[in-house]
$ cat entry-v6.txt   # compact mmCIF, C-alpha atoms
# COMPACT_ATOMS: atom_id res chain seq x y z
CA MET A 192 4.24 -16.26 -39.52
CA SER A 193 1.56 -17.71 -37.20
CA ARG A 194 4.19 -19.93 -35.60
CA ILE A 195 6.41 -16.91 -34.92
CA LEU A 196 3.48 -15.01 -33.39
CA ARG A 197 2.62 -17.99 -31.18
CA ARG A 198 6.22 -18.17 -29.99
CA ARG A 199 6.21 -14.46 -29.17
CA LYS A 200 2.92 -14.79 -27.33
CA ASN A 201 4.13 -17.79 -25.37
CA GLY A 202 7.40 -16.01 -24.61
CA LYS A 203 5.50 -13.00 -23.25
CA LYS A 204 3.34 -15.32 -21.11
CA ASP A 205 6.46 -16.97 -19.71
CA LEU A 206 7.81 -13.53 -18.80
CA GLY A 207 4.45 -12.73 -17.16
CA TYR A 208 4.66 -15.86 -15.02
CA ALA A 209 8.24 -14.99 -14.05
CA ALA A 210 7.30 -11.38 -13.22
CA ALA A 211 4.46 -12.46 -10.90
CA ILE A 212 6.78 -14.93 -9.13
CA PHE A 213 9.57 -12.38 -8.75
CA GLY A 214 7.05 -9.85 -7.42
CA GLY A 215 6.24 -12.32 -4.64
CA ILE A 216 9.95 -12.93 -4.05
CA CYS A 217 10.49 -9.18 -3.65
CA TRP A 218 7.74 -9.01 -1.03
CA GLY A 219 9.17 -11.98 0.88
CA PHE A 220 12.64 -10.41 0.79
CA SER A 221 11.20 -7.11 2.03
CA GLY A 222 9.76 -8.78 5.14
CA CYS A 223 13.13 -10.34 5.95
CA CYS A 224 14.83 -6.96 5.58
CA GLY A 225 12.37 -5.70 8.20
CA GLN A 226 13.30 -8.57 10.51
CA PHE A 227 17.00 -7.72 10.04
CA LEU A 228 16.36 -4.09 11.01
CA PHE A 229 14.42 -5.12 14.12
CA GLN A 230 16.87 -7.74 15.33
CA GLN A 231 20.21 -6.15 14.47
CA LYS A 232 19.73 -2.39 14.10
CA GLY A 233 17.32 -1.52 16.92
CA GLY A 234 14.39 -0.63 14.66
CA THR A 235 10.75 -0.83 15.67
CA ALA A 236 7.60 -1.46 13.67
CA GLU A 237 6.46 2.15 14.17
CA TRP A 238 9.80 3.54 12.95
CA LEU A 239 9.96 1.27 9.90
CA VAL A 240 6.32 1.68 8.87
CA SER A 241 6.54 5.48 9.01
CA LEU A 242 9.60 5.52 6.74
CA ARG A 243 8.33 2.82 4.41
CA LEU A 244 4.95 4.44 3.85
CA LEU A 245 6.42 7.90 3.37
CA PHE A 246 9.09 6.97 0.81
CA ALA A 247 7.13 4.17 -0.85
CA GLY A 248 4.28 6.62 -1.33
CA LEU A 249 6.62 9.08 -3.04
CA ILE A 250 7.93 6.31 -5.32
CA LEU A 251 4.46 5.11 -6.33
CA ILE A 252 3.16 8.65 -6.90
CA SER A 253 6.18 9.31 -9.13
CA LEU A 254 5.34 6.18 -11.13
CA ALA A 255 1.72 7.33 -11.35
CA PHE A 256 2.79 10.72 -12.74
CA LEU A 257 5.09 9.02 -15.25
CA THR A 258 2.34 6.70 -16.53
CA GLU A 259 -0.75 8.95 -16.20
CA GLY A 260 0.44 12.53 -15.84
CA LYS A 261 -1.81 14.93 -13.92
CA ALA A 262 -4.72 12.51 -14.38
CA CYS A 263 -3.40 10.53 -11.41
CA THR A 264 -4.82 13.23 -9.09
CA ARG A 265 -8.41 12.73 -10.34
CA VAL A 266 -9.41 10.93 -7.14
CA PHE A 267 -9.27 14.25 -5.22
CA ARG A 268 -11.91 15.88 -7.45
CA ASN A 269 -14.72 13.70 -6.12
CA ARG A 270 -15.79 14.17 -2.50
CA LYS A 271 -17.03 10.61 -2.08
CA ASP A 272 -13.82 9.16 -3.53
CA ARG A 273 -11.68 11.43 -1.34
CA THR A 274 -13.48 9.99 1.67
CA GLY A 275 -13.04 6.47 0.31
CA LEU A 276 -9.32 7.10 -0.16
CA LEU A 277 -8.95 8.27 3.45
CA ILE A 278 -10.81 5.19 4.74
CA PHE A 279 -8.59 2.94 2.62
CA THR A 280 -5.52 4.85 3.81
CA PHE A 281 -6.08 4.27 7.52
CA ALA A 282 -8.28 1.14 7.72
CA GLY A 283 -6.47 -0.57 4.83
CA ILE A 284 -2.91 0.56 4.20
CA LEU A 285 -1.82 1.79 7.63
CA LEU A 286 -3.50 -1.01 9.57
CA SER A 287 -2.18 -3.78 7.31
CA GLN A 288 1.36 -2.39 7.21
CA TYR A 289 1.63 -1.82 10.95
CA THR A 290 0.16 -5.17 12.04
CA TYR A 291 2.36 -7.06 9.54
CA PHE A 292 5.63 -5.46 10.64
CA ALA A 293 4.60 -5.63 14.31
CA ALA A 294 4.08 -9.38 13.82
CA ILE A 295 7.59 -9.60 12.35
CA GLN A 296 9.04 -7.63 15.24
CA HIS A 297 7.45 -9.99 17.78
CA SER A 298 8.31 -13.19 15.85
CA ASN A 299 10.01 -13.36 12.44
CA ALA A 300 9.27 -12.65 8.79
CA GLY A 301 8.37 -16.25 7.94
CA THR A 302 5.82 -16.73 10.72
CA ALA A 303 4.28 -13.27 10.23
CA THR A 304 3.91 -13.70 6.46
CA VAL A 305 2.35 -17.15 6.76
CA LEU A 306 -0.14 -15.94 9.40
CA GLN A 307 -1.03 -12.98 7.19
CA TYR A 308 -1.84 -15.43 4.39
CA LEU A 309 -4.80 -16.63 6.43
CA PHE A 310 -6.72 -13.71 4.95
CA PRO A 311 -8.28 -15.74 2.07
CA ILE A 312 -9.92 -17.94 4.72
CA ILE A 313 -11.43 -14.85 6.37
CA VAL A 314 -12.63 -13.66 2.95
CA LEU A 315 -14.23 -17.08 2.42
CA LEU A 316 -16.10 -16.81 5.74
CA LEU A 317 -17.38 -13.36 4.77
CA VAL A 318 -18.50 -14.63 1.35
CA CYS A 319 -20.38 -17.55 2.94
CA PHE A 320 -22.04 -15.16 5.40
CA ASP A 321 -22.97 -12.72 2.61
CA GLU A 322 -24.40 -15.50 0.44
CA ARG A 323 -26.13 -17.08 3.46
CA ARG A 324 -24.70 -20.50 2.81
CA GLY A 325 -22.35 -22.96 4.43
CA PRO A 326 -18.92 -23.79 2.96
CA ASP A 327 -18.78 -26.67 0.51
CA VAL A 328 -16.52 -29.70 1.01
CA THR A 329 -13.42 -28.08 -0.50
CA GLU A 330 -13.93 -24.84 1.41
CA SER A 331 -14.53 -26.74 4.66
CA ALA A 332 -11.31 -28.70 4.14
CA ALA A 333 -9.37 -25.47 3.57
CA MET A 334 -10.83 -23.91 6.73
CA ILE A 335 -10.05 -26.94 8.87
CA LEU A 336 -6.53 -27.21 7.45
CA SER A 337 -5.80 -23.51 8.05
CA LEU A 338 -7.16 -23.65 11.62
CA ALA A 339 -5.15 -26.79 12.37
CA GLY A 340 -2.03 -25.19 10.89
CA THR A 341 -2.46 -22.10 13.07
CA VAL A 342 -2.87 -24.29 16.19
CA VAL A 343 0.18 -26.39 15.27
CA LEU A 344 2.24 -23.26 14.64
CA GLY A 345 1.16 -21.64 17.90
CA THR A 346 1.34 -24.64 20.24
CA HIS A 347 3.67 -27.21 18.61
CA GLY A 348 1.14 -29.78 19.75
CA ASP A 349 1.33 -28.79 23.42
CA PHE A 350 -2.08 -27.23 24.07
CA THR A 351 -1.07 -26.00 27.52
CA SER A 352 1.31 -23.31 26.24
CA LEU A 353 2.05 -21.03 23.29
CA GLN A 354 5.29 -21.53 21.35
CA ILE A 355 5.13 -18.03 19.88
CA SER A 356 4.45 -14.95 21.94
CA PRO A 357 0.83 -13.83 22.40
CA ALA A 358 1.80 -10.52 20.77
CA ALA A 359 3.15 -12.32 17.68
CA LEU A 360 -0.02 -14.40 17.36
CA PHE A 361 -2.25 -11.35 17.90
CA PHE A 362 -0.48 -9.17 15.34
CA GLY A 363 -0.18 -12.04 12.85
CA LEU A 364 -3.93 -12.71 12.97
CA ALA A 365 -4.60 -8.96 12.97
CA ALA A 366 -2.46 -8.67 9.82
CA ALA A 367 -4.64 -11.31 8.15
CA ALA A 368 -7.78 -9.38 9.10
CA ALA A 369 -6.20 -6.10 7.97
CA ALA A 370 -5.31 -7.67 4.61
CA VAL A 371 -9.03 -8.35 4.14
CA PHE A 372 -9.80 -4.65 4.69
CA TYR A 373 -6.93 -3.70 2.39
CA ASN A 374 -8.30 -5.81 -0.46
CA MET A 375 -11.99 -5.03 0.08
CA LEU A 376 -11.63 -1.27 0.47
CA SER A 377 -9.28 -0.74 -2.48
CA GLY A 378 -11.01 -2.61 -5.29
CA ASP A 379 -13.37 0.03 -6.69
CA LEU A 380 -10.91 2.91 -6.29
CA ILE A 381 -8.07 1.02 -7.97
CA ARG A 382 -10.28 -0.04 -10.89
CA ARG A 383 -11.21 3.58 -11.59
CA TYR A 384 -8.00 5.43 -10.74
CA GLY A 385 -5.16 2.89 -10.97
CA LEU A 386 -3.10 1.15 -8.32
CA PHE A 387 -0.06 3.44 -8.43
CA SER A 388 -2.25 6.50 -7.82
CA ILE A 389 -4.43 5.06 -5.03
CA ALA A 390 -1.68 3.12 -3.25
CA GLY A 391 0.76 6.00 -3.72
CA PHE A 392 -1.42 8.75 -2.25
CA GLY A 393 -2.69 6.38 0.44
CA MET A 394 0.83 5.45 1.52
CA LEU A 395 2.02 9.06 1.43
CA ILE A 396 -0.87 10.32 3.59
CA ALA A 397 -0.43 7.45 6.06
CA GLY A 398 3.33 7.99 6.05
CA LEU A 399 3.01 11.70 6.83
CA VAL A 400 0.68 10.97 9.74
CA MET A 401 2.92 8.19 11.09
CA THR A 402 6.05 10.32 10.68
CA ALA A 403 4.49 13.19 12.63
CA ALA A 404 3.41 10.79 15.39
CA VAL A 405 6.54 8.62 15.59
CA ARG A 406 9.30 11.14 14.71
CA PRO A 407 11.57 8.43 13.28
CA TRP A 408 14.61 10.71 13.36
CA GLN A 409 14.47 10.54 17.18
CA CYS A 410 14.39 6.72 17.36
CA GLY A 411 17.59 5.11 18.59
CA VAL A 412 18.38 3.15 15.43
CA GLN A 413 21.92 2.14 14.53
CA TRP A 414 22.60 3.86 11.20
CA ASP A 415 25.20 2.28 8.92
CA ALA A 416 25.45 0.81 5.42
CA GLY A 417 23.50 -2.30 6.46
CA THR A 418 20.62 -0.18 7.77
CA VAL A 419 20.43 1.84 4.55
CA LEU A 420 20.55 -1.28 2.36
CA ALA A 421 17.88 -3.06 4.41
CA LEU A 422 15.66 0.03 4.25
CA ALA A 423 16.14 0.04 0.48
CA GLY A 424 15.09 -3.61 0.50
CA VAL A 425 11.87 -2.74 2.33
CA ILE A 426 11.07 0.45 0.41
CA VAL A 427 12.48 0.02 -3.10
CA VAL A 428 12.55 -3.75 -3.60
CA GLY A 429 9.38 -4.43 -1.60
CA THR A 430 7.43 -1.56 -3.14
CA ALA A 431 8.64 -0.33 -6.54
CA ALA A 432 10.07 -3.63 -7.77
CA GLY A 433 7.46 -5.84 -6.10
CA PHE A 434 4.44 -3.87 -7.27
CA GLY A 435 5.90 -3.20 -10.73
CA LEU A 436 6.78 -6.81 -11.49
CA TYR A 437 3.56 -8.20 -10.07
CA LEU A 438 1.30 -5.74 -11.89
CA TRP A 439 3.04 -6.28 -15.23
CA GLY A 440 2.81 -10.04 -14.74
CA VAL A 441 -0.91 -9.77 -13.92
CA SER A 442 -1.51 -7.66 -17.05
CA VAL A 443 -0.13 -10.57 -19.12
CA ILE A 444 -1.42 -13.71 -17.35
CA GLY A 445 -4.44 -12.36 -15.41
CA PRO A 446 -5.08 -11.65 -11.71
CA LEU A 447 -6.01 -15.20 -10.66
CA LYS A 448 -2.84 -16.84 -11.93
CA GLY A 449 -0.84 -13.85 -10.73
CA SER A 450 -2.18 -14.11 -7.18
CA LEU A 451 -1.46 -17.85 -7.09
CA LEU A 452 2.12 -17.39 -8.28
CA SER A 453 2.79 -14.46 -5.94
CA SER A 454 1.93 -16.73 -3.01
CA VAL A 455 5.59 -17.76 -3.24
CA GLU A 456 6.05 -14.78 -0.85
CA PRO A 457 5.59 -16.70 2.44
CA ALA A 458 7.82 -19.55 1.25
CA VAL A 459 10.57 -17.04 0.40
CA ALA A 460 10.11 -15.29 3.76
CA VAL A 461 10.40 -18.60 5.64
CA LEU A 462 13.49 -19.75 3.72
CA LEU A 463 15.29 -16.40 4.01
CA SER A 464 14.45 -16.20 7.73
CA PHE A 465 15.92 -19.67 8.20
CA PHE A 466 19.05 -19.45 6.04
CA TRP A 467 19.91 -15.72 6.12
CA LEU A 468 18.69 -14.57 9.55
CA LYS A 469 19.21 -17.95 11.29
CA THR A 470 15.69 -18.06 12.71
CA PRO A 471 15.48 -21.31 14.74
CA PHE A 472 12.53 -23.09 13.14
CA VAL A 473 11.83 -26.74 14.03
CA TRP A 474 10.09 -29.37 11.92
CA ILE A 475 6.67 -28.76 13.42
CA ASP A 476 6.89 -25.08 12.40
CA PHE A 477 7.27 -26.17 8.78
CA LEU A 478 4.31 -28.51 9.23
CA GLY A 479 2.15 -25.59 10.40
CA PHE A 480 3.42 -23.40 7.53
CA GLY A 481 2.61 -26.14 5.04
CA MET A 482 -0.91 -26.65 6.38
CA ILE A 483 -1.79 -22.95 6.18
CA LEU A 484 -0.29 -22.46 2.72
CA GLY A 485 -1.89 -25.71 1.57
CA ALA A 486 -5.29 -24.32 2.58
CA VAL A 487 -4.63 -21.14 0.58
CA LEU A 488 -3.58 -23.16 -2.48
CA ILE A 489 -6.68 -25.36 -2.20
CA LEU A 490 -8.89 -22.28 -2.34
CA GLY A 491 -6.83 -20.82 -5.18
CA MET A 492 -7.07 -23.99 -7.28
CA LYS A 493 -10.82 -24.19 -6.60
CA ASN A 494 -11.28 -20.64 -7.88
CA ALA A 495 -9.10 -21.38 -10.89
CA LYS A 496 -11.39 -24.27 -11.85

$ encode --input "entry-v6.txt" --output "structure tokens"
Amino acid sequence: MSRILRRRKNGKKDLGYAAAIFGGICWGFSGCCGQFLFQQKGGTAEWLVSLRLLFAGLILISLAFLTEGKACTRVFRNRKDRTGLLIFTFAGILLSQYTYFAAIQHSNAGTATVLQYLFPIIVLLLVCFDERRGPDVTESAAMILSLAGTVVLGTHGDFTSLQISPAALFFGLAAAAAAVFYNMLSGDLIRRYGLFSIAGFGMLIAGLVMTAAVRPWQCGVQWDAGTVLALAGVIVVGTAAGFGLYLWGVSVIGPLKGSLLSSVEPAVAVLLSFFWLKTPFVWIDFLGFGMILGAVLILGMKNAK
């Protein structure tokens, strides 16, 4: 009997690992769908973010009602938490979503996703500042590696010129900074009210504001089956499937292992950009990608120990 229980437990853990990985794959695929819409259908970051936030918010709120019922609206009963939700909505969700997709629009999904994954380095700097200490040897190595990777990616070794546009570099680094706000501002609210509720209402509020400002129905986007499918990739696959798989995986294997496994996202974004969307990467791009992701993995392994 104990052997059977161990097998079932191990089987569930294996499924948890797979779910966390596939959650990251969904997010990487979502970014590439955004690149497809920008390059081939005339979409813009403002147009896509308004639609994604609006419909993704509706999906997540529906999931919150299915899992929690009316209790998912508890956050609105507390004035302080309502204010916290609004801050998270605009300084976290809206800022991170817009800067990420703007980085894709000005470069490609692979480059934007890798630059966004610099955010653990920024978190490390904030932790060192808060604890009034310098980084240790491992942390220093990760910082140097990430900085060198960013320089390699941006210059290709020629320090007299940029190999990606200044806008792409700006929005990519801004997306990393915004990801810090996203993670720091959401923690307490999500622990008390649940991710589907907080992310859902946050995305819906941000989506309504963006929709009113952008008026996506007036944007000159080429509407056809490819546009609808790519939008579904961004909204459904990147939100409902990505969040659902990742959260279930984390509930089985824990947040640390889950976050490490979900870091497959930038690798998927790079590979899909290269093979599906024919983004012209050269070998030194992959070197820069590897250096940045290597720095993130170094920090992740250090935390795991």

$ closest_residue --input "entry-v6.txt" --among "A:Gln354, A:Asn269, A:Ser337, A:Thr235" --to "Gln296 (chain A)" --atoms "all atoms listed in the file"
A:Thr235

$ closest_residue --input "entry-v6.txt" --among "A:Gln226, A:Ser331, A:Thr264, A:Thr346" --to "Ala293 (chain A)" --atoms "only C-alpha atoms"
A:Gln226

$ residues_around --input "entry-v6.txt" --residues "Ala333 (chain A)" --least-positions-apart "6" --cutoff "12 Å" --atoms "all atoms listed in the file" --output "list in words"
Leu309, Pro311, Ile312, Ile313, Leu315, Leu316, Pro326, Asp327, Ala339, Gly340, Met482, Ile483, Leu484, Gly485, Ala486, Val487, Leu488, Ile489, Leu490, Gly491, Met492 and Lys493 of chain A

$ atom_distance --input "entry-v6.txt" --atom1 "CA of Ser377 (chain A)" --atom2 "CA of Gly219 (chain A)"
21.9 Å

$ residues_near_point --input "entry-v6.txt" --point "(8.5, -3.8, -11.4)" --cutoff "12 Å" --atoms "all atoms listed in the file" --output "ChimeraX atom specification"
/A:207,209-218,250-251,254,387,427-441

$ residues_around --input "entry-v6.txt" --residues "Gln307 (chain A)" --least-positions-apart "5" --cutoff "6 Å" --atoms "only C-alpha atoms" --output "number ranges by chain"
A: 363, 366-367

$ atom_distance --input "entry-v6.txt" --atom1 "CA of Tyr291 (chain A)" --atom2 "CA of Val314 (chain A)"
17.7 Å

$ closest_residue --input "entry-v6.txt" --among "A:Asp379, A:Thr302, A:Gly260, A:Leu277" --to "Phe465 (chain A)" --atoms "only C-alpha atoms"
A:Thr302

$ atom_distance --input "entry-v6.txt" --atom1 "CA of Leu249 (chain A)" --atom2 "CA of Phe392 (chain A)"
8.1 Å

$ closest_residue --input "entry-v6.txt" --among "A:Ser356, A:Thr402, A:Thr341, A:Ser442" --to "Phe480 (chain A)" --atoms "all atoms listed in the file"
A:Thr341

$ residues_around --input "entry-v6.txt" --residues "Ile475 (chain A)" --least-positions-apart "2" --cutoff "10 Å" --atoms "all atoms listed in the file" --output "PyMOL selection string"
chain A and resi 340+343-344+346-348+472-473+477-481

$ write_last_selection --input "entry-v6.txt" --atoms "C-alpha atoms" --output "tab-separated table (two decimals), in the frame of the given file"
chain	number	residue	atom	x	y	z
A	340	GLY	CA	-2.03	-25.19	10.89
A	343	VAL	CA	0.18	-26.39	15.27
A	344	LEU	CA	2.24	-23.26	14.64
A	346	THR	CA	1.34	-24.64	20.24
A	347	HIS	CA	3.67	-27.21	18.61
A	348	GLY	CA	1.14	-29.78	19.75
A	472	PHE	CA	12.53	-23.09	13.14
A	473	VAL	CA	11.83	-26.74	14.03
A	477	PHE	CA	7.27	-26.17	8.78
A	478	LEU	CA	4.31	-28.51	9.23
A	479	GLY	CA	2.15	-25.59	10.40
A	480	PHE	CA	3.42	-23.40	7.53
A	481	GLY	CA	2.61	-26.14	5.04

$ residues_near_point --input "entry-v6.txt" --point "(18.1, -16.6, 3.1)" --cutoff "12 Å" --atoms "only C-alpha atoms" --output "list in words"
Ile216, Gly219, Phe220, Ser221, Gly222, Cys223, Cys224, Gln226, Phe227, Ala300, Gly301, Ala458, Val459, Ala460, Val461, Leu462, Leu463, Ser464, Phe465, Phe466, Trp467, Leu468, Lys469 and Thr470 of chain A

$ decode --input "entry-v6.txt" --residues "region 278-305 of chain A" --atoms "N, CA, C and O atoms" --output "PDB file, in the first residue's frame"
ATOM      1  N   ILE A 278      -3.450  50.657  -7.030  1.00  0.00           N
ATOM      2  CA  ILE A 278      -2.011  50.886  -7.232  1.00  0.00           C
ATOM      3  C   ILE A 278      -1.404  49.726  -8.001  1.00  0.00           C
ATOM      4  O   ILE A 278      -0.632  49.918  -8.952  1.00  0.00           O
ATOM      5  N   PHE A 279      -1.747  48.503  -7.610  1.00  0.00           N
ATOM      6  CA  PHE A 279      -1.255  47.316  -8.311  1.00  0.00           C
ATOM      7  C   PHE A 279      -1.743  47.293  -9.755  1.00  0.00           C
ATOM      8  O   PHE A 279      -1.001  46.910 -10.671  1.00  0.00           O
ATOM      9  N   THR A 280      -2.974  47.730  -9.971  1.00  0.00           N
ATOM     10  CA  THR A 280      -3.556  47.724 -11.315  1.00  0.00           C
ATOM     11  C   THR A 280      -2.747  48.580 -12.282  1.00  0.00           C
ATOM     12  O   THR A 280      -2.408  48.135 -13.385  1.00  0.00           O
ATOM     13  N   PHE A 281      -2.415  49.797 -11.858  1.00  0.00           N
ATOM     14  CA  PHE A 281      -1.774  50.736 -12.789  1.00  0.00           C
ATOM     15  C   PHE A 281      -0.252  50.712 -12.723  1.00  0.00           C
ATOM     16  O   PHE A 281       0.418  50.783 -13.756  1.00  0.00           O
ATOM     17  N   ALA A 282       0.321  50.595 -11.510  1.00  0.00           N
ATOM     18  CA  ALA A 282       1.780  50.578 -11.387  1.00  0.00           C
ATOM     19  C   ALA A 282       2.346  49.179 -11.603  1.00  0.00           C
ATOM     20  O   ALA A 282       3.533  49.030 -11.906  1.00  0.00           O
ATOM     21  N   GLY A 283       1.498  48.159 -11.471  1.00  0.00           N
ATOM     22  CA  GLY A 283       1.945  46.782 -11.650  1.00  0.00           C
ATOM     23  C   GLY A 283       1.491  46.181 -12.971  1.00  0.00           C
ATOM     24  O   GLY A 283       2.279  46.019 -13.906  1.00  0.00           O
ATOM     25  N   ILE A 284       0.199  45.908 -13.067  1.00  0.00           N
ATOM     26  CA  ILE A 284      -0.327  45.196 -14.238  1.00  0.00           C
ATOM     27  C   ILE A 284      -0.189  46.013 -15.520  1.00  0.00           C
ATOM     28  O   ILE A 284       0.403  45.560 -16.505  1.00  0.00           O
ATOM     29  N   LEU A 285      -0.755  47.214 -15.537  1.00  0.00           N
ATOM     30  CA  LEU A 285      -0.770  48.002 -16.771  1.00  0.00           C
ATOM     31  C   LEU A 285       0.641  48.356 -17.223  1.00  0.00           C
ATOM     32  O   LEU A 285       0.977  48.232 -18.404  1.00  0.00           O
ATOM     33  N   LEU A 286       1.479  48.777 -16.293  1.00  0.00           N
ATOM     34  CA  LEU A 286       2.845  49.161 -16.645  1.00  0.00           C
ATOM     35  C   LEU A 286       3.645  47.971 -17.173  1.00  0.00           C
ATOM     36  O   LEU A 286       4.338  48.085 -18.193  1.00  0.00           O
ATOM     37  N   SER A 287       3.528  46.819 -16.517  1.00  0.00           N
ATOM     38  CA  SER A 287       4.304  45.652 -16.951  1.00  0.00           C
ATOM     39  C   SER A 287       3.814  45.124 -18.299  1.00  0.00           C
ATOM     40  O   SER A 287       4.623  44.753 -19.155  1.00  0.00           O
ATOM     41  N   GLN A 288       2.495  45.107 -18.491  1.00  0.00           N
ATOM     42  CA  GLN A 288       1.953  44.611 -19.754  1.00  0.00           C
ATOM     43  C   GLN A 288       2.328  45.523 -20.921  1.00  0.00           C
ATOM     44  O   GLN A 288       2.752  45.053 -21.976  1.00  0.00           O
ATOM     45  N   TYR A 289       2.174  46.833 -20.709  1.00  0.00           N
ATOM     46  CA  TYR A 289       2.446  47.750 -21.818  1.00  0.00           C
ATOM     47  C   TYR A 289       3.926  47.755 -22.186  1.00  0.00           C
ATOM     48  O   TYR A 289       4.271  47.694 -23.374  1.00  0.00           O
ATOM     49  N   THR A 290       4.815  47.858 -21.198  1.00  0.00           N
ATOM     50  CA  THR A 290       6.246  47.917 -21.516  1.00  0.00           C
ATOM     51  C   THR A 290       6.714  46.619 -22.179  1.00  0.00           C
ATOM     52  O   THR A 290       7.549  46.657 -23.091  1.00  0.00           O
ATOM     53  N   TYR A 291       6.174  45.478 -21.744  1.00  0.00           N
ATOM     54  CA  TYR A 291       6.579  44.188 -22.336  1.00  0.00           C
ATOM     55  C   TYR A 291       6.178  44.112 -23.803  1.00  0.00           C
ATOM     56  O   TYR A 291       7.001  43.798 -24.673  1.00  0.00           O
ATOM     57  N   PHE A 292       4.914  44.426 -24.109  1.00  0.00           N
ATOM     58  CA  PHE A 292       4.471  44.322 -25.497  1.00  0.00           C
ATOM     59  C   PHE A 292       5.043  45.449 -26.355  1.00  0.00           C
ATOM     60  O   PHE A 292       5.250  45.263 -27.564  1.00  0.00           O
ATOM     61  N   ALA A 293       5.325  46.603 -25.759  1.00  0.00           N
ATOM     62  CA  ALA A 293       6.005  47.664 -26.517  1.00  0.00           C
ATOM     63  C   ALA A 293       7.422  47.227 -26.878  1.00  0.00           C
ATOM     64  O   ALA A 293       7.907  47.508 -27.984  1.00  0.00           O
ATOM     65  N   ALA A 294       8.087  46.507 -25.960  1.00  0.00           N
ATOM     66  CA  ALA A 294       9.423  45.982 -26.260  1.00  0.00           C
ATOM     67  C   ALA A 294       9.359  44.973 -27.402  1.00  0.00           C
ATOM     68  O   ALA A 294      10.237  44.950 -28.275  1.00  0.00           O
ATOM     69  N   ILE A 295       8.319  44.149 -27.416  1.00  0.00           N
ATOM     70  CA  ILE A 295       8.143  43.195 -28.522  1.00  0.00           C
ATOM     71  C   ILE A 295       7.910  43.937 -29.831  1.00  0.00           C
ATOM     72  O   ILE A 295       8.481  43.596 -30.873  1.00  0.00           O
ATOM     73  N   GLN A 296       7.063  44.958 -29.784  1.00  0.00           N
ATOM     74  CA  GLN A 296       6.761  45.713 -31.000  1.00  0.00           C
ATOM     75  C   GLN A 296       8.010  46.344 -31.591  1.00  0.00           C
ATOM     76  O   GLN A 296       8.175  46.395 -32.822  1.00  0.00           O
ATOM     77  N   HIS A 297       8.920  46.815 -30.739  1.00  0.00           N
ATOM     78  CA  HIS A 297      10.122  47.495 -31.218  1.00  0.00           C
ATOM     79  C   HIS A 297      11.290  46.539 -31.458  1.00  0.00           C
ATOM     80  O   HIS A 297      12.328  46.968 -31.971  1.00  0.00           O
ATOM     81  N   SER A 298      11.142  45.256 -31.086  1.00  0.00           N
ATOM     82  CA  SER A 298      12.210  44.277 -31.345  1.00  0.00           C
ATOM     83  C   SER A 298      11.574  42.948 -31.745  1.00  0.00           C
ATOM     84  O   SER A 298      11.166  42.785 -32.889  1.00  0.00           O
ATOM     85  N   ASN A 299      11.483  42.015 -30.826  1.00  0.00           N
ATOM     86  CA  ASN A 299      10.858  40.720 -31.072  1.00  0.00           C
ATOM     87  C   ASN A 299      10.576  40.072 -29.727  1.00  0.00           C
ATOM     88  O   ASN A 299      11.059  40.530 -28.673  1.00  0.00           O
ATOM     89  N   ALA A 300       9.790  39.007 -29.747  1.00  0.00           N
ATOM     90  CA  ALA A 300       9.361  38.378 -28.494  1.00  0.00           C
ATOM     91  C   ALA A 300      10.538  37.812 -27.708  1.00  0.00           C
ATOM     92  O   ALA A 300      10.570  37.890 -26.475  1.00  0.00           O
ATOM     93  N   GLY A 301      11.520  37.224 -28.400  1.00  0.00           N
ATOM     94  CA  GLY A 301      12.657  36.627 -27.715  1.00  0.00           C
ATOM     95  C   GLY A 301      13.470  37.658 -26.960  1.00  0.00           C
ATOM     96  O   GLY A 301      13.755  37.505 -25.772  1.00  0.00           O
ATOM     97  N   THR A 302      13.858  38.725 -27.633  1.00  0.00           N
ATOM     98  CA  THR A 302      14.667  39.775 -27.013  1.00  0.00           C
ATOM     99  C   THR A 302      13.913  40.435 -25.870  1.00  0.00           C
ATOM    100  O   THR A 302      14.467  40.660 -24.788  1.00  0.00           O
ATOM    101  N   ALA A 303      12.631  40.756 -26.090  1.00  0.00           N
ATOM    102  CA  ALA A 303      11.842  41.426 -25.050  1.00  0.00           C
ATOM    103  C   ALA A 303      11.700  40.550 -23.808  1.00  0.00           C
ATOM    104  O   ALA A 303      11.828  41.037 -22.677  1.00  0.00           O
ATOM    105  N   THR A 304      11.444  39.261 -24.009  1.00  0.00           N
ATOM    106  CA  THR A 304      11.240  38.367 -22.866  1.00  0.00           C
ATOM    107  C   THR A 304      12.531  38.180 -22.080  1.00  0.00           C
ATOM    108  O   THR A 304      12.525  38.161 -20.846  1.00  0.00           O
ATOM    109  N   VAL A 305      13.646  38.047 -22.782  1.00  0.00           N
ATOM    110  CA  VAL A 305      14.928  37.883 -22.089  1.00  0.00           C
ATOM    111  C   VAL A 305      15.267  39.152 -21.302  1.00  0.00           C
ATOM    112  O   VAL A 305      15.698  39.083 -20.140  1.00  0.00           O
TER     113      VAL A 305
END
